[in-house]
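Raw target.pdb, PDB, C-alpha atoms:
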```
ATOM      1  CA  MET A   1     -17.534  13.967 -10.662
ATOM      2  CA  LYS A   2     -18.366  10.378 -11.520
ATOM      3  CA  GLU A   3     -21.049   8.135 -10.070
ATOM      4  CA  ALA A   4     -19.642   5.641  -7.594
ATOM      5  CA  LEU A   5     -19.757   1.927  -8.348
ATOM      6  CA  TYR A   6     -20.513   0.547  -4.903
ATOM      7  CA  TYR A   7     -23.423   2.026  -2.974
ATOM      8  CA  ALA A   8     -27.077   1.468  -2.146
ATOM      9  CA  GLN A   9     -29.920   4.013  -2.305
ATOM     10  CA  ARG A  10     -32.317   4.309   0.639
ATOM     11  CA  PRO A  11     -35.983   5.413   0.645
ATOM     12  CA  ASP A  12     -35.178   8.461   2.794
ATOM     13  CA  GLY A  13     -32.812   9.886   0.168
ATOM     14  CA  LYS A  14     -29.680   8.780   1.991
ATOM     15  CA  VAL A  15     -27.149   6.463   0.385
ATOM     16  CA  GLU A  16     -25.024   3.745   1.933
ATOM     17  CA  CYS A  17     -21.489   3.549   0.577
ATOM     18  CA  GLU A  18     -20.405  -0.069   0.113
ATOM     19  CA  LEU A  19     -16.782   0.541  -0.839
ATOM     20  CA  CYS A  20     -15.169   0.020   2.556
ATOM     21  CA  PRO A  21     -16.128  -1.481   5.927
ATOM     22  CA  HIS A  22     -17.237   1.888   7.309
ATOM     23  CA  ARG A  23     -20.389   1.573   5.145
ATOM     24  CA  CYS A  24     -21.094   5.272   5.637
ATOM     25  CA  VAL A  25     -24.770   6.275   5.482
ATOM     26  CA  ILE A  26     -24.631   9.673   3.815
ATOM     27  CA  GLU A  27     -27.275  12.401   3.770
ATOM     28  CA  GLU A  28     -27.973  14.613   0.755
ATOM     29  CA  GLY A  29     -25.078  17.000   0.124
ATOM     30  CA  ARG A  30     -22.783  15.306   2.645
ATOM     31  CA  THR A  31     -19.685  13.147   2.253
ATOM     32  CA  GLY A  32     -18.560   9.994   4.026
ATOM     33  CA  ILE A  33     -15.545   9.558   6.279
ATOM     34  CA  CYS A  34     -13.152   9.698   3.323
ATOM     35  CA  ARG A  35     -14.473  13.203   2.398
ATOM     36  CA  VAL A  36     -14.412  12.454  -1.329
ATOM     37  CA  ARG A  37     -17.661  10.547  -1.976
ATOM     38  CA  ARG A  38     -20.792  12.699  -1.754
ATOM     39  CA  ASN A  39     -24.550  12.148  -1.933
ATOM     40  CA  GLU A  40     -25.845  14.229  -4.842
ATOM     41  CA  GLY A  41     -29.594  13.858  -5.303
ATOM     42  CA  GLY A  42     -29.629  10.304  -3.982
ATOM     43  CA  ARG A  43     -26.636   9.210  -6.048
ATOM     44  CA  LEU A  44     -23.172   8.687  -4.628
ATOM     45  CA  GLN A  45     -20.582  10.628  -6.596
ATOM     46  CA  SER A  46     -16.799  10.483  -6.539
ATOM     47  CA  LEU A  47     -15.413  14.005  -6.150
ATOM     48  CA  ILE A  48     -11.874  13.001  -7.155
ATOM     49  CA  TYR A  49     -12.312  11.119 -10.427
ATOM     50  CA  GLY A  50      -9.482  12.213 -12.716
ATOM     51  CA  GLU A  51      -8.081  14.637 -10.131
ATOM     52  CA  VAL A  52      -4.425  14.280  -9.152
ATOM     53  CA  ALA A  53      -2.820  15.982  -6.157
ATOM     54  CA  SER A  54       0.661  14.511  -6.595
ATOM     55  CA  ILE A  55       2.429  12.817  -9.484
ATOM     56  CA  ALA A  56       6.071  11.795  -9.892
ATOM     57  CA  MET A  57       8.414   9.157 -11.253
ATOM     58  CA  ASP A  58       9.653   7.104  -8.290
ATOM     59  CA  PRO A  59      11.947   4.127  -7.806
ATOM     60  CA  ILE A  60       9.749   1.071  -7.249
ATOM     61  CA  GLU A  61      11.697   0.563  -4.000
ATOM     62  CA  LYS A  62      10.087   3.750  -2.642
ATOM     63  CA  LYS A  63       6.610   2.162  -2.558
ATOM     64  CA  PRO A  64       8.234   0.083  -0.919
ATOM     65  CA  LEU A  65       8.405  -2.951  -3.206
ATOM     66  CA  TYR A  66      11.756  -4.765  -3.123
ATOM     67  CA  HIS A  67      10.815  -7.972  -4.968
ATOM     68  CA  PHE A  68       8.914  -6.435  -7.886
ATOM     69  CA  PHE A  69      10.875  -5.137 -10.888
ATOM     70  CA  PRO A  70      13.859  -4.140  -8.700
ATOM     71  CA  GLY A  71      15.795  -1.117  -9.895
ATOM     72  CA  ARG A  72      13.002   0.158 -12.146
ATOM     73  CA  ASN A  73      10.991   3.397 -11.991
ATOM     74  CA  ILE A  74       7.219   3.758 -11.885
ATOM     75  CA  LEU A  75       4.876   6.693 -12.463
ATOM     76  CA  SER A  76       3.208   7.357  -9.103
ATOM     77  CA  ALA A  77      -0.026   9.283  -8.628
ATOM     78  CA  GLY A  78      -2.215  10.222  -5.683
ATOM     79  CA  THR A  79      -5.152  12.427  -4.824
ATOM     80  CA  ASN A  80      -6.925  13.714  -1.684
ATOM     81  CA  GLY A  81      -8.626  11.796   1.081
ATOM     82  CA  CYS A  82      -8.430   8.625   3.149
ATOM     83  CA  ASN A  83     -10.882   6.307   4.892
ATOM     84  CA  PHE A  84      -8.653   6.228   7.985
ATOM     85  CA  ARG A  85      -7.875   9.033  10.430
ATOM     86  CA  CYS A  86      -4.408   7.976  11.569
ATOM     87  CA  SER A  87      -3.146  10.475  14.104
ATOM     88  CA  PHE A  88       0.439   9.589  13.113
ATOM     89  CA  CYS A  89      -0.123   9.822   9.328
ATOM     90  CA  GLN A  90       3.201  10.312   7.553
ATOM     91  CA  ASN A  91       1.513  11.864   4.504
ATOM     92  CA  TRP A  92      -1.281  13.808   6.201
ATOM     93  CA  GLN A  93      -0.951  16.877   3.987
ATOM     94  CA  ILE A  94      -2.869  15.186   1.173
ATOM     95  CA  SER A  95      -4.696  12.431   3.045
ATOM     96  CA  GLN A  96      -6.217  14.534   5.827
ATOM     97  CA  GLN A  97      -6.664  17.969   4.257
ATOM     98  CA  GLU A  98      -7.529  19.555   0.935
ATOM     99  CA  VAL A  99      -4.751  20.497  -1.479
ATOM    100  CA  ALA A 100      -4.804  21.733  -5.045
ATOM    101  CA  ARG A 101      -5.566  19.075  -7.654
ATOM    102  CA  ARG A 102      -5.361  19.037 -11.404
ATOM    103  CA  LYS A 103      -7.437  17.167 -13.935
ATOM    104  CA  ILE A 104      -6.047  14.261 -15.904
ATOM    105  CA  GLU A 105      -7.859  11.694 -18.003
ATOM    106  CA  PRO A 106      -7.046   7.989 -17.636
ATOM    107  CA  ALA A 107      -5.590   7.778 -21.147
ATOM    108  CA  ALA A 108      -3.371  10.800 -20.491
ATOM    109  CA  LEU A 109      -1.986   9.272 -17.303
ATOM    110  CA  VAL A 110      -1.161   6.029 -19.108
ATOM    111  CA  ALA A 111       0.405   7.960 -21.989
ATOM    112  CA  THR A 112       2.578   9.829 -19.491
ATOM    113  CA  ALA A 113       3.744   6.546 -17.992
ATOM    114  CA  ARG A 114       4.699   5.233 -21.417
ATOM    115  CA  ARG A 115       6.465   8.459 -22.403
ATOM    116  CA  GLU A 116       8.530   8.490 -19.188
ATOM    117  CA  GLY A 117       9.678   4.907 -19.618
ATOM    118  CA  SER A 118       7.742   3.733 -16.580
ATOM    119  CA  ILE A 119       6.960   0.080 -15.935
ATOM    120  CA  GLY A 120       3.377   1.185 -15.228
ATOM    121  CA  VAL A 121       1.319   3.213 -12.772
ATOM    122  CA  ALA A 122       1.427   3.155  -8.966
ATOM    123  CA  PHE A 123      -1.561   4.514  -7.070
ATOM    124  CA  THR A 124      -0.055   5.825  -3.853
ATOM    125  CA  TYR A 125       0.615   8.839  -1.577
ATOM    126  CA  ASN A 126      -2.953   8.842  -0.176
ATOM    127  CA  GLU A 127      -5.382   5.878   0.016
ATOM    128  CA  PRO A 128      -5.961   4.695  -3.568
ATOM    129  CA  LEU A 129      -8.959   2.463  -2.837
ATOM    130  CA  ILE A 130     -11.193   5.521  -2.269
ATOM    131  CA  TRP A 131     -10.194   6.511  -5.849
ATOM    132  CA  HIS A 132     -11.682   3.237  -7.005
ATOM    133  CA  GLU A 133     -13.494   4.314 -10.173
ATOM    134  CA  PHE A 134     -10.488   6.194 -11.543
ATOM    135  CA  VAL A 135      -8.036   3.471 -10.525
ATOM    136  CA  LEU A 136     -10.173   0.888 -12.298
ATOM    137  CA  ASP A 137     -10.307   2.869 -15.543
ATOM    138  CA  VAL A 138      -6.586   3.684 -15.527
ATOM    139  CA  ALA A 139      -5.616   0.131 -14.592
ATOM    140  CA  THR A 140      -7.619  -1.255 -17.498
ATOM    141  CA  LEU A 141      -5.744   0.972 -19.960
ATOM    142  CA  THR A 142      -2.383   0.329 -18.301
ATOM    143  CA  ARG A 143      -2.841  -3.410 -18.640
ATOM    144  CA  GLU A 144      -3.918  -3.023 -22.292
ATOM    145  CA  ALA A 145      -0.712  -1.041 -22.882
ATOM    146  CA  GLY A 146       1.374  -3.935 -21.547
ATOM    147  CA  MET A 147       2.367  -2.162 -18.329
ATOM    148  CA  VAL A 148       1.792  -2.960 -14.658
ATOM    149  CA  ASN A 149      -0.462  -1.593 -11.915
ATOM    150  CA  VAL A 150       0.609  -1.130  -8.287
ATOM    151  CA  LEU A 151      -1.439  -0.233  -5.206
ATOM    152  CA  VAL A 152       0.051   1.153  -1.995
ATOM    153  CA  THR A 153      -2.864   0.799   0.387
ATOM    154  CA  ASN A 154      -4.154   0.486   3.937
ATOM    155  CA  GLY A 155      -6.199  -2.518   2.776
ATOM    156  CA  TYR A 156      -9.460  -1.220   4.263
ATOM    157  CA  VAL A 157     -11.910  -2.271   1.559
ATOM    158  CA  ASN A 158     -14.914  -4.557   1.185
ATOM    159  CA  PRO A 159     -14.502  -7.910  -0.602
ATOM    160  CA  GLU A 160     -16.600  -7.099  -3.685
ATOM    161  CA  PRO A 161     -14.747  -3.908  -4.712
ATOM    162  CA  LEU A 162     -11.437  -5.615  -4.020
ATOM    163  CA  ASP A 163     -12.364  -8.597  -6.177
ATOM    164  CA  GLY A 164     -13.371  -6.223  -8.978
ATOM    165  CA  LEU A 165      -9.955  -4.574  -8.964
ATOM    166  CA  LEU A 166      -7.488  -7.365  -8.175
ATOM    167  CA  PRO A 167      -7.448  -8.971 -11.645
ATOM    168  CA  LEU A 168      -5.852  -5.732 -12.893
ATOM    169  CA  VAL A 169      -3.349  -5.322 -10.043
ATOM    170  CA  ASP A 170       0.171  -6.688 -10.421
ATOM    171  CA  ALA A 171       1.529  -5.820  -6.973
ATOM    172  CA  LEU A 172       0.414  -4.310  -3.673
ATOM    173  CA  ASN A 173       2.142  -2.961  -0.642
ATOM    174  CA  ILE A 174      -0.364  -3.244   2.206
ATOM    175  CA  ASP A 175       0.126  -1.392   5.472
ATOM    176  CA  VAL A 176      -0.479  -3.585   8.524
ATOM    177  CA  LYS A 177      -0.297  -0.989  11.267
ATOM    178  CA  SER A 178      -0.588  -3.331  14.246
ATOM    179  CA  MET A 179      -1.876  -6.791  15.102
ATOM    180  CA  ARG A 180      -3.942  -5.350  17.943
ATOM    181  CA  PRO A 181      -7.550  -4.383  17.108
ATOM    182  CA  GLU A 182      -7.534  -1.669  19.778
ATOM    183  CA  PHE A 183      -4.690   0.097  17.936
ATOM    184  CA  TYR A 184      -6.863   0.433  14.838
ATOM    185  CA  ARG A 185      -9.861   1.641  16.859
ATOM    186  CA  LYS A 186      -7.850   4.187  18.854
ATOM    187  CA  HIS A 187      -5.445   5.585  16.268
ATOM    188  CA  CYS A 188      -6.987   4.895  12.849
ATOM    189  CA  GLY A 189     -10.740   4.976  13.317
ATOM    190  CA  GLY A 190     -11.105   1.551  11.757
ATOM    191  CA  SER A 191     -10.726  -2.162  12.444
ATOM    192  CA  LEU A 192      -8.014  -4.740  11.915
ATOM    193  CA  GLU A 193      -9.772  -7.809  10.509
ATOM    194  CA  PRO A 194     -10.786  -6.321   7.117
ATOM    195  CA  VAL A 195      -7.141  -5.360   6.555
ATOM    196  CA  LEU A 196      -5.988  -8.893   7.302
ATOM    197  CA  GLU A 197      -8.657 -10.278   4.997
ATOM    198  CA  THR A 198      -7.411  -8.018   2.202
ATOM    199  CA  CYS A 199      -3.890  -9.327   2.800
ATOM    200  CA  ARG A 200      -5.075 -12.940   2.558
ATOM    201  CA  THR A 201      -7.161 -12.348  -0.557
ATOM    202  CA  ALA A 202      -4.565 -10.300  -2.417
ATOM    203  CA  GLY A 203      -1.714 -12.595  -1.408
ATOM    204  CA  ALA A 204      -3.488 -15.551  -2.998
ATOM    205  CA  LYS A 205      -3.838 -13.727  -6.330
ATOM    206  CA  THR A 206      -0.896 -11.405  -6.924
ATOM    207  CA  HIS A 207       2.403 -10.122  -5.538
ATOM    208  CA  VAL A 208       2.084  -8.613  -2.042
ATOM    209  CA  GLU A 209       4.588  -6.989   0.287
ATOM    210  CA  LEU A 210       3.661  -5.691   3.744
ATOM    211  CA  THR A 211       4.720  -2.610   5.696
ATOM    212  CA  ASN A 212       4.612  -1.990   9.435
ATOM    213  CA  LEU A 213       5.334   1.543  10.674
ATOM    214  CA  VAL A 214       7.019   1.072  14.050
ATOM    215  CA  ILE A 215       5.849   3.688  16.577
ATOM    216  CA  PRO A 216       7.552   3.912  19.986
ATOM    217  CA  GLY A 217       5.238   2.978  22.835
ATOM    218  CA  GLU A 218       2.402   1.951  20.510
ATOM    219  CA  ASN A 219       3.295  -1.124  18.449
ATOM    220  CA  ASP A 220       6.969  -1.759  19.196
ATOM    221  CA  SER A 221       7.035  -4.487  21.850
ATOM    222  CA  PRO A 222       8.563  -7.914  21.185
ATOM    223  CA  GLU A 223       5.053  -9.358  21.485
ATOM    224  CA  ASP A 224       3.833  -6.997  18.731
ATOM    225  CA  PHE A 225       6.521  -8.216  16.346
ATOM    226  CA  GLU A 226       6.004 -11.865  17.281
ATOM    227  CA  LYS A 227       2.269 -11.624  16.544
ATOM    228  CA  LEU A 228       2.915  -9.895  13.230
ATOM    229  CA  ARG A 229       5.600 -12.412  12.254
ATOM    230  CA  ASP A 230       3.472 -15.412  13.182
ATOM    231  CA  TRP A 231       0.386 -14.131  11.357
ATOM    232  CA  ILE A 232       2.340 -13.487   8.165
ATOM    233  CA  ALA A 233       4.052 -16.883   8.285
ATOM    234  CA  ASP A 234       0.772 -18.719   8.924
ATOM    235  CA  ASN A 235      -1.450 -16.772   6.524
ATOM    236  CA  MET A 236       0.774 -15.328   3.784
ATOM    237  CA  GLY A 237       3.827 -17.552   3.815
ATOM    238  CA  GLY A 238       7.358 -17.069   5.076
ATOM    239  CA  ASN A 239       8.513 -15.753   1.695
ATOM    240  CA  THR A 240       6.310 -12.624   1.992
ATOM    241  CA  PRO A 241       8.528  -9.518   2.122
ATOM    242  CA  LEU A 242       7.991  -7.397   5.255
ATOM    243  CA  HIS A 243       9.137  -3.779   5.566
ATOM    244  CA  LEU A 244       9.609  -2.436   9.092
ATOM    245  CA  SER A 245       9.699   1.349   8.765
ATOM    246  CA  ALA A 246      10.917   3.976  11.189
ATOM    247  CA  TYR A 247       8.333   6.517  12.317
ATOM    248  CA  THR A 248       9.027  10.233  12.711
ATOM    249  CA  PRO A 249       6.643  12.676  14.444
ATOM    250  CA  ARG A 250       3.905  13.783  12.047
ATOM    251  CA  HIS A 251       0.404  15.219  12.079
ATOM    252  CA  LYS A 252      -0.972  14.908  15.645
ATOM    253  CA  PHE A 253       1.563  12.447  17.037
ATOM    254  CA  THR A 254       4.489  13.589  19.181
ATOM    255  CA  ALA A 255       6.135  10.297  20.152
ATOM    256  CA  PRO A 256       9.913  10.380  19.541
ATOM    257  CA  PRO A 257      11.341   8.880  16.344
ATOM    258  CA  THR A 258      11.819   5.123  16.242
ATOM    259  CA  PRO A 259      15.238   4.138  17.635
ATOM    260  CA  VAL A 260      17.393   2.124  15.267
ATOM    261  CA  GLU A 261      17.900  -0.391  18.067
ATOM    262  CA  THR A 262      14.169  -1.115  18.131
ATOM    263  CA  LEU A 263      14.156  -1.830  14.404
ATOM    264  CA  LEU A 264      17.178  -4.104  14.679
ATOM    265  CA  LYS A 265      15.505  -6.110  17.453
ATOM    266  CA  ALA A 266      12.313  -6.313  15.411
ATOM    267  CA  HIS A 267      14.322  -7.481  12.407
ATOM    268  CA  GLY A 268      15.806 -10.320  14.429
ATOM    269  CA  ILE A 269      12.410 -11.402  15.768
ATOM    270  CA  CYS A 270      10.726 -11.384  12.366
ATOM    271  CA  ARG A 271      13.612 -13.125  10.614
ATOM    272  CA  GLU A 272      13.031 -16.178  12.819
ATOM    273  CA  LYS A 273      10.136 -17.139  10.513
ATOM    274  CA  LEU A 274      10.248 -14.750   7.550
ATOM    275  CA  ASP A 275      12.790 -14.949   4.734
ATOM    276  CA  TYR A 276      12.805 -11.283   3.718
ATOM    277  CA  VAL A 277      12.626  -8.542   6.355
ATOM    278  CA  TYR A 278      13.671  -5.009   5.433
ATOM    279  CA  LEU A 279      14.228  -1.845   7.461
ATOM    280  CA  GLY A 280      12.925   1.440   6.047
ATOM    281  CA  ASN A 281      13.704   5.120   6.708
ATOM    282  CA  VAL A 282      17.057   4.187   8.281
ATOM    283  CA  MET A 283      20.547   3.425   6.985
ATOM    284  CA  THR A 284      21.669   0.075   8.385
ATOM    285  CA  ALA A 285      23.541  -2.936   7.067
ATOM    286  CA  GLU A 286      20.781  -5.208   8.363
ATOM    287  CA  GLY A 287      17.523  -5.269   6.443
ATOM    288  CA  ARG A 288      18.894  -3.646   3.314
ATOM    289  CA  ASP A 289      20.022  -6.262   0.795
ATOM    290  CA  THR A 290      18.292  -9.423  -0.408
ATOM    291  CA  LEU A 291      20.039 -12.751   0.140
ATOM    292  CA  CYS A 292      18.943 -16.066  -1.337
ATOM    293  CA  ARG A 293      16.677 -17.888   1.093
ATOM    294  CA  ASN A 294      18.439 -21.161   0.217
ATOM    295  CA  CYS A 295      22.172 -20.561  -0.250
ATOM    296  CA  GLY A 296      22.621 -17.028   1.145
ATOM    297  CA  ALA A 297      24.038 -15.547  -2.067
ATOM    298  CA  LEU A 298      23.649 -11.789  -2.546
ATOM    299  CA  LEU A 299      20.784 -11.239  -4.983
ATOM    300  CA  VAL A 300      20.101  -7.500  -4.752
ATOM    301  CA  GLU A 301      22.316  -4.850  -3.189
ATOM    302  CA  ARG A 302      20.739  -1.553  -2.076
ATOM    303  CA  ARG A 303      22.086   1.829  -1.004
ATOM    304  CA  GLY A 304      19.103   4.030  -0.300
ATOM    305  CA  TYR A 305      17.084   3.881  -3.510
ATOM    306  CA  HIS A 306      20.091   2.871  -5.605
ATOM    307  CA  THR A 307      19.669  -0.787  -6.485
ATOM    308  CA  ARG A 308      22.159  -3.199  -8.030
ATOM    309  CA  ILE A 309      21.007  -6.640  -9.129
ATOM    310  CA  THR A 310      23.909  -9.006  -8.523
ATOM    311  CA  GLY A 311      22.574 -12.552  -8.425
ATOM    312  CA  LEU A 312      19.151 -12.853 -10.073
ATOM    313  CA  THR A 313      18.360 -14.710 -13.271
ATOM    314  CA  GLU A 314      14.713 -14.521 -14.317
ATOM    315  CA  GLY A 315      13.690 -14.065 -10.680
ATOM    316  CA  ARG A 316      15.777 -16.973  -9.376
ATOM    317  CA  CYS A 317      19.094 -17.177  -7.583
ATOM    318  CA  ALA A 318      21.819 -17.289 -10.216
ATOM    319  CA  LYS A 319      23.976 -19.463  -7.942
ATOM    320  CA  CYS A 320      21.629 -22.246  -6.814
ATOM    321  CA  GLY A 321      18.505 -21.669  -8.911
ATOM    322  CA  SER A 322      16.171 -21.213  -5.943
ATOM    323  CA  GLU A 323      12.970 -19.215  -6.269
ATOM    324  CA  ASN A 324      13.031 -16.082  -4.096
ATOM    325  CA  ASN A 325       9.604 -14.519  -4.708
ATOM    326  CA  PHE A 326      10.825 -11.999  -7.276
ATOM    327  CA  ARG A 327       9.068 -10.662 -10.320
ATOM    328  CA  GLN A 328      11.291  -9.018 -12.911
ATOM    329  CA  GLY A 329       9.056  -9.053 -15.930
TER     330      GLY A 329
END
```
Show this structure as structure tokens.
Amino acid sequence: MKEALYYAQRPDGKVECELCPHRCVIEEGRTGICRVRRNEGGRLQSLIYGEVASIAMDPIEKKPLYHFFPGRNILSAGTNGCNFRCSFCQNWQISQQEVARRKIEPAALVATARREGSIGVAFTYNEPLIWHEFVLDVATLTREAGMVNVLVTNGYVNPEPLDGLLPLVDALNIDVKSMRPEFYRKHCGGSLEPVLETCRTAGAKTHVELTNLVIPGENDSPEDFEKLRDWIADNMGGNTPLHLSAYTPRHKFTAPPTPVETLLKAHGICREKLDYVYLGNVMTAEGRDTLCRNCGALLVERRGYHTRITGLTEGRCAKCGSENNFRQG
């Protein structure tokens, strides 16, 4: 265990966690909503510091990040727990229940990344922001080693912890589940606005790509996609990559899988204002490759997770020289 960084002690022996907008007030011996931060004698302790439930070398495109070191691999690590309760969670086995974990020190994780030829460390699989203390320590060492740090996150965090971490983060994929607050209340047990604020803050400081899991009957209307498209264009910029991902039944949700036709319609709607819109968990010609936003030249060709860089020179279009929001190094 390790003492948490963001909490307040109360006279009655309870503690208030200040990591995320839930601001859980936790009694002695109990945990908050995330299940991994516990009140021990009036001090909030992280139960998952240095404990890994899943670790693997992944293509960076699997995060998904399509405009950040395309074609490279990254060491990816996750643990238990989440501060959401999404009934459709696609990775519920580690986010919503306990699984076996193994100990690893920050320096050992960074050494593994270097040994495997990784570009850095991605904190992913479950919600990495509830792993804050460990992420911070690893990210510090990763940056010192000349490698990069990636977060794949739901974005549900308070401003102060986010500001403490962002200087060490090179890229984020943030999940925007819906533009309707009632969706977050009903299906996630949280609220929308803090997620949007995280998107704004992170987008102003580092590389950000967004993901929207498209669930039939829940967030798949033309109006849903128009609101998402307009918010991104107005608040993040039209060059922000958006990944529209197909849902499949998981956890407690029994809605049918997302039809390809729905994703193709969503792609067309979002492309009206966004330069880079990708389709995930399906095999389609649309929403797969990256074309130059200026001249239309093929920049990156993709077949599943196989990536071929065809028209990029130092992050710019090799044909016309236009910037296309890429980071290659």
Query raised in the report: Using all atoms listed in the file, what residues lie at most 12 Å away from (-35.9, 9.8, 3.1) (file coordinates), given as a VMD selection string?
Result: chain A and resid 9 to 15 25 to 28 41 to 42
Tell me which residues the PyMOL selection byres ((chain A and resi 83) around 10) grabs here, as a PDB file with C-alpha atoms, in the coordinates of the input.
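part_10.pdb, written as the output of this step:
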```
ATOM      1  CA  CYS A  20     -15.169   0.020   2.556  1.00  0.00           C
ATOM      2  CA  PRO A  21     -16.128  -1.481   5.927  1.00  0.00           C
ATOM      3  CA  HIS A  22     -17.237   1.888   7.309  1.00  0.00           C
ATOM      4  CA  GLY A  32     -18.560   9.994   4.026  1.00  0.00           C
ATOM      5  CA  ILE A  33     -15.545   9.558   6.279  1.00  0.00           C
ATOM      6  CA  CYS A  34     -13.152   9.698   3.323  1.00  0.00           C
ATOM      7  CA  ARG A  35     -14.473  13.203   2.398  1.00  0.00           C
ATOM      8  CA  VAL A  36     -14.412  12.454  -1.329  1.00  0.00           C
ATOM      9  CA  GLY A  81      -8.626  11.796   1.081  1.00  0.00           C
ATOM     10  CA  CYS A  82      -8.430   8.625   3.149  1.00  0.00           C
ATOM     11  CA  PHE A  84      -8.653   6.228   7.985  1.00  0.00           C
ATOM     12  CA  ARG A  85      -7.875   9.033  10.430  1.00  0.00           C
ATOM     13  CA  CYS A  86      -4.408   7.976  11.569  1.00  0.00           C
ATOM     14  CA  SER A  95      -4.696  12.431   3.045  1.00  0.00           C
ATOM     15  CA  GLN A  96      -6.217  14.534   5.827  1.00  0.00           C
ATOM     16  CA  ASN A 126      -2.953   8.842  -0.176  1.00  0.00           C
ATOM     17  CA  GLU A 127      -5.382   5.878   0.016  1.00  0.00           C
ATOM     18  CA  PRO A 128      -5.961   4.695  -3.568  1.00  0.00           C
ATOM     19  CA  LEU A 129      -8.959   2.463  -2.837  1.00  0.00           C
ATOM     20  CA  ILE A 130     -11.193   5.521  -2.269  1.00  0.00           C
ATOM     21  CA  ASN A 154      -4.154   0.486   3.937  1.00  0.00           C
ATOM     22  CA  TYR A 156      -9.460  -1.220   4.263  1.00  0.00           C
ATOM     23  CA  VAL A 157     -11.910  -2.271   1.559  1.00  0.00           C
ATOM     24  CA  CYS A 188      -6.987   4.895  12.849  1.00  0.00           C
ATOM     25  CA  GLY A 189     -10.740   4.976  13.317  1.00  0.00           C
ATOM     26  CA  GLY A 190     -11.105   1.551  11.757  1.00  0.00           C
TER      27      GLY A 190
END
```
Requested in this report: Taking the file as shown, find all residues satisfying the PyMOL selection byres ((chain A and resi 119) around 9) and write them as number ranges by chain.
Outcome: A: 69, 72-75, 113-114, 117-118, 120-121, 146-149
Query raised in the report: Mind telling me what the PyMOL selection byres ((chain A and resi 163-177) around 7) catches here, as a ChimeraX atom specification?
Result: /A:64-65,136,139-140,143,148-155,159-162,178,206-213
Report summary line: The distance between CA of Asn235 in chain A and CA of Val282 in chain A is 28.0 Å
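If you measure from each of A:Ala8, A:Ile215, A:Ala204, A:Met1 to Arg37 in chain A using all atoms listed in the file, the closest one turns out to be A:Met1.
Here CA of Arg293 in chain A stands at a distance of 11.5 Å from CA of Lys273 in chain A.
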**Report entry** Distance of CA of Ile60 in chain A from CA of Gly321 in chain A, expressed in Å to one decimal place
**Finding:** 24.4 Å
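Take the candidates A:Asp58, A:Asn158, A:Met236, A:His306 and check each one against Glu116 in chain A using only C-alpha atoms; the shortest distance goes to A:Asp58.
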Which residues of range 55-152 of chain A sit at most 9 Å from range 43-51 of chain A, using all atoms listed in the file? Give each one's shortest atom pair and distance in Å (one decimal place), in chain and ascending residue order, as JSON lines.
```
{"residue": "A:Gly78", "atom": "CA", "partner": "A:Glu51", "partner_atom": "CA", "distance": 8.6}
{"residue": "A:Thr79", "atom": "CA", "partner": "A:Glu51", "partner_atom": "CA", "distance": 6.5}
{"residue": "A:Asn80", "atom": "CA", "partner": "A:Ile48", "partner_atom": "CA", "distance": 7.4}
{"residue": "A:Gly81", "atom": "CA", "partner": "A:Ile48", "partner_atom": "CA", "distance": 8.9}
{"residue": "A:Arg101", "atom": "CA", "partner": "A:Glu51", "partner_atom": "CA", "distance": 5.7}
{"residue": "A:Arg102", "atom": "CA", "partner": "A:Glu51", "partner_atom": "CA", "distance": 5.3}
{"residue": "A:Lys103", "atom": "CA", "partner": "A:Glu51", "partner_atom": "CA", "distance": 4.6}
{"residue": "A:Ile104", "atom": "CA", "partner": "A:Gly50", "partner_atom": "CA", "distance": 5.1}
{"residue": "A:Glu105", "atom": "CA", "partner": "A:Gly50", "partner_atom": "CA", "distance": 5.6}
{"residue": "A:Pro106", "atom": "CA", "partner": "A:Gly50", "partner_atom": "CA", "distance": 6.9}
{"residue": "A:Ile130", "atom": "CA", "partner": "A:Ser46", "partner_atom": "CA", "distance": 8.6}
{"residue": "A:Trp131", "atom": "CA", "partner": "A:Ile48", "partner_atom": "CA", "distance": 6.8}
{"residue": "A:His132", "atom": "CA", "partner": "A:Tyr49", "partner_atom": "CA", "distance": 8.6}
{"residue": "A:Glu133", "atom": "CA", "partner": "A:Tyr49", "partner_atom": "CA", "distance": 6.9}
{"residue": "A:Phe134", "atom": "CA", "partner": "A:Tyr49", "partner_atom": "CA", "distance": 5.4}
{"residue": "A:Val135", "atom": "CA", "partner": "A:Tyr49", "partner_atom": "CA", "distance": 8.8}
```
Query - Counting all atoms listed in the file, the option among A:Val300, A:Cys292, A:Val260, A:Thr112 closest to Lys319 in chain A - result: A:Cys292
Query - Long-range neighbours of Ser245 in chain A as a count of residues only, 6 Å cut-off, all atoms listed in the file, 3 positions minimum in chain - result: 5
Query raised in the report: Which residue gives the smallest distance to Asp220 in chain A among A:Leu263, A:Leu274, A:Cys317, A:Ala233, with all atoms listed in the file counted?
Result: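 Ranked by minimum distance to Asp220 in chain A, first place goes to A:Leu263.
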Would you place a box with edges along x, y and z of the file around all atoms of range 186-202 of chain A listed there, add 8 Å to each of its six sides, and report the centre and edge lengths in Å to one decimal, as AutoDock Vina command-line options?
```
--center_x -7.5 --center_y -3.7 --center_z 8.2 --size_x 23.2 --size_y 34.5 --size_z 37.3
```
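Closest approach to Phe68 in chain A from the set A:Asn325, A:Thr284, A:Thr258, A:Ser54 is made by A:Asn325, with distances taken over all atoms listed in the file.
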Query raised in the report: Contacts of His67 in chain A at 8 Å or less, counting all atoms listed in the file, minus same-chain residues fewer than 5 places along, as an MDAnalysis selection string?
Result: chainID A and resid 241 325:327
Just-selected residues, C-alpha atoms written as a PDB file, in the coordinates of the input:
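Everything below was put into again_0.pdb:
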```
ATOM      1  CA  PRO A 241       8.528  -9.518   2.122  1.00  0.00           C
ATOM      2  CA  ASN A 325       9.604 -14.519  -4.708  1.00  0.00           C
ATOM      3  CA  PHE A 326      10.825 -11.999  -7.276  1.00  0.00           C
ATOM      4  CA  ARG A 327       9.068 -10.662 -10.320  1.00  0.00           C
TER       5      ARG A 327
END
```
